[in-house]
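File shown: start16.pdb (PDB, C-alpha atoms).
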```pdb
ATOM      1  CA  MET A  66     -13.524  23.196  10.471  1.00  0.00           C
ATOM      2  CA  PHE A  67     -11.117  25.670   8.860  1.00  0.00           C
ATOM      3  CA  LEU A  68      -8.467  22.975   8.427  1.00  0.00           C
ATOM      4  CA  ILE A  69     -10.958  20.662   6.723  1.00  0.00           C
ATOM      5  CA  LYS A  70     -11.832  23.398   4.218  1.00  0.00           C
ATOM      6  CA  CYS A  71      -8.166  24.124   3.560  1.00  0.00           C
ATOM      7  CA  ALA A  72      -7.401  20.430   3.133  1.00  0.00           C
ATOM      8  CA  ALA A  73     -10.280  20.004   0.673  1.00  0.00           C
ATOM      9  CA  ILE A  74      -9.051  22.922  -1.452  1.00  0.00           C
ATOM     10  CA  LEU A  75      -5.487  21.632  -1.357  1.00  0.00           C
ATOM     11  CA  ILE A  76      -6.547  18.114  -2.377  1.00  0.00           C
ATOM     12  CA  ALA A  77      -8.673  19.487  -5.238  1.00  0.00           C
ATOM     13  CA  ALA A  78      -5.747  21.609  -6.456  1.00  0.00           C
ATOM     14  CA  LEU A  79      -3.394  18.638  -6.306  1.00  0.00           C
ATOM     15  CA  LEU A  80      -5.807  16.433  -8.247  1.00  0.00           C
ATOM     16  CA  LEU A  81      -6.321  19.102 -10.907  1.00  0.00           C
ATOM     17  CA  GLY A  82      -2.564  19.640 -11.195  1.00  0.00           C
ATOM     18  CA  LYS A  83      -1.887  15.917 -11.531  1.00  0.00           C
ATOM     19  CA  TRP A  84      -4.644  15.600 -14.155  1.00  0.00           C
ATOM     20  CA  PHE A  85      -3.152  18.505 -16.123  1.00  0.00           C
ATOM     21  CA  ASP A  86       0.343  17.030 -15.832  1.00  0.00           C
ATOM     22  CA  ASN A  87      -0.866  13.683 -17.195  1.00  0.00           C
ATOM     23  CA  GLU A  88      -2.580  15.404 -20.122  1.00  0.00           C
ATOM     24  CA  ARG A  89       0.537  17.468 -20.828  1.00  0.00           C
ATOM     25  CA  ASN A  90       2.778  14.400 -20.773  1.00  0.00           C
ATOM     26  CA  ASN A  91       0.440  12.564 -23.178  1.00  0.00           C
ATOM     27  CA  ILE A  92       0.410  15.519 -25.566  1.00  0.00           C
ATOM     28  CA  LEU A  93       4.189  15.940 -25.487  1.00  0.00           C
ATOM     29  CA  ALA A  94       4.660  12.187 -26.028  1.00  0.00           C
ATOM     30  CA  LYS A  95       2.578  12.456 -29.207  1.00  0.00           C
ATOM     31  CA  GLY A  96       4.872  15.230 -30.449  1.00  0.00           C
ATOM     32  CA  GLU A  97       2.211  17.917 -30.396  1.00  0.00           C
ATOM     33  CA  PRO A  98       3.012  21.540 -29.433  1.00  0.00           C
ATOM     34  CA  TRP A  99       3.187  22.387 -25.724  1.00  0.00           C
ATOM     35  CA  TYR A 100       0.299  24.857 -25.887  1.00  0.00           C
ATOM     36  CA  ASN A 101      -2.165  22.107 -26.838  1.00  0.00           C
ATOM     37  CA  ALA A 102      -2.131  21.098 -23.161  1.00  0.00           C
ATOM     38  CA  TRP A 103      -4.026  24.300 -22.357  1.00  0.00           C
ATOM     39  CA  LYS A 104      -6.814  23.257 -24.743  1.00  0.00           C
ATOM     40  CA  THR A 105      -7.737  20.251 -22.587  1.00  0.00           C
ATOM     41  CA  ILE A 106     -10.373  20.249 -19.845  1.00  0.00           C
ATOM     42  CA  PRO A 107      -7.906  20.603 -16.917  1.00  0.00           C
ATOM     43  CA  GLY A 108      -6.049  23.357 -18.774  1.00  0.00           C
ATOM     44  CA  ILE A 109      -9.250  25.309 -19.337  1.00  0.00           C
ATOM     45  CA  LEU A 110     -10.249  24.822 -15.689  1.00  0.00           C
ATOM     46  CA  ILE A 111      -6.887  26.181 -14.541  1.00  0.00           C
ATOM     47  CA  LEU A 112      -7.223  29.226 -16.814  1.00  0.00           C
ATOM     48  CA  VAL A 113     -10.782  29.906 -15.599  1.00  0.00           C
ATOM     49  CA  ILE A 114      -9.693  29.651 -11.952  1.00  0.00           C
ATOM     50  CA  LEU A 115      -6.806  32.054 -12.612  1.00  0.00           C
ATOM     51  CA  CYS A 116      -9.167  34.532 -14.285  1.00  0.00           C
ATOM     52  CA  ILE A 117     -11.564  34.333 -11.336  1.00  0.00           C
ATOM     53  CA  LEU A 118      -8.751  34.929  -8.852  1.00  0.00           C
ATOM     54  CA  ILE A 119      -7.456  37.911 -10.825  1.00  0.00           C
ATOM     55  CA  PHE A 120     -10.976  39.355 -11.036  1.00  0.00           C
ATOM     56  CA  ILE A 121     -11.481  38.951  -7.276  1.00  0.00           C
ATOM     57  CA  LYS A 122      -8.116  40.618  -6.600  1.00  0.00           C
ATOM     58  CA  ILE A 123      -8.975  43.578  -8.845  1.00  0.00           C
ATOM     59  CA  ALA A 124     -12.569  43.911  -7.627  1.00  0.00           C
ATOM     60  CA  PHE A 125     -11.816  43.855  -3.905  1.00  0.00           C
ATOM     61  CA  ASP A 126      -8.516  45.709  -3.995  1.00  0.00           C
ATOM     62  CA  LEU A 127     -10.193  49.027  -4.719  1.00  0.00           C
TER      63      LEU A 127
END
```
Show me, as structure tokens, the structure contained in the file I just sent.
Amino acid sequence: MFLIKCAAILIAALLLGKWFDNERNNILAKGEPWYNAWKTIPGILILVILCILIFIKIAFDL
């Protein structure tokens, strides 16, 4: 059961990363600044997940 959970998380991370990469490539092809990629839905999701992980690390590291 543990391996199924790990595989599901890994697949979700890969899909989110690929989605973000596609958005970034489209934005760079249009000649827009690189930071506009973070204003898309996958970019915001990645930033929210990073904030949650940092919060968990700080909260439970005490």
Tell me, as an MDAnalysis selection string, which residues lie within 10 Å of segment 98-109 of chain A, counting all atoms listed in the file; anything in the same chain fewer than 2 positions away does not count.
chainID A and resid 80:93 95:96 111:115
How far is it from atom CA of Ile117 of chain A to atom CA of Ala78 of chain A, in Å with one decimal?
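Computing it gives 14.8 Å between the two atoms.
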So how many Å separate atom CA of Leu110 of chain A and atom CA of Phe67 of chain A, to one decimal?
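Computed distance, atom CA of Leu110 of chain A to atom CA of Phe67 of chain A, equals 24.6 Å.
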Students should find that atom CA of Leu75 of chain A and atom CA of Ile119 of chain A are spaced 18.9 Å
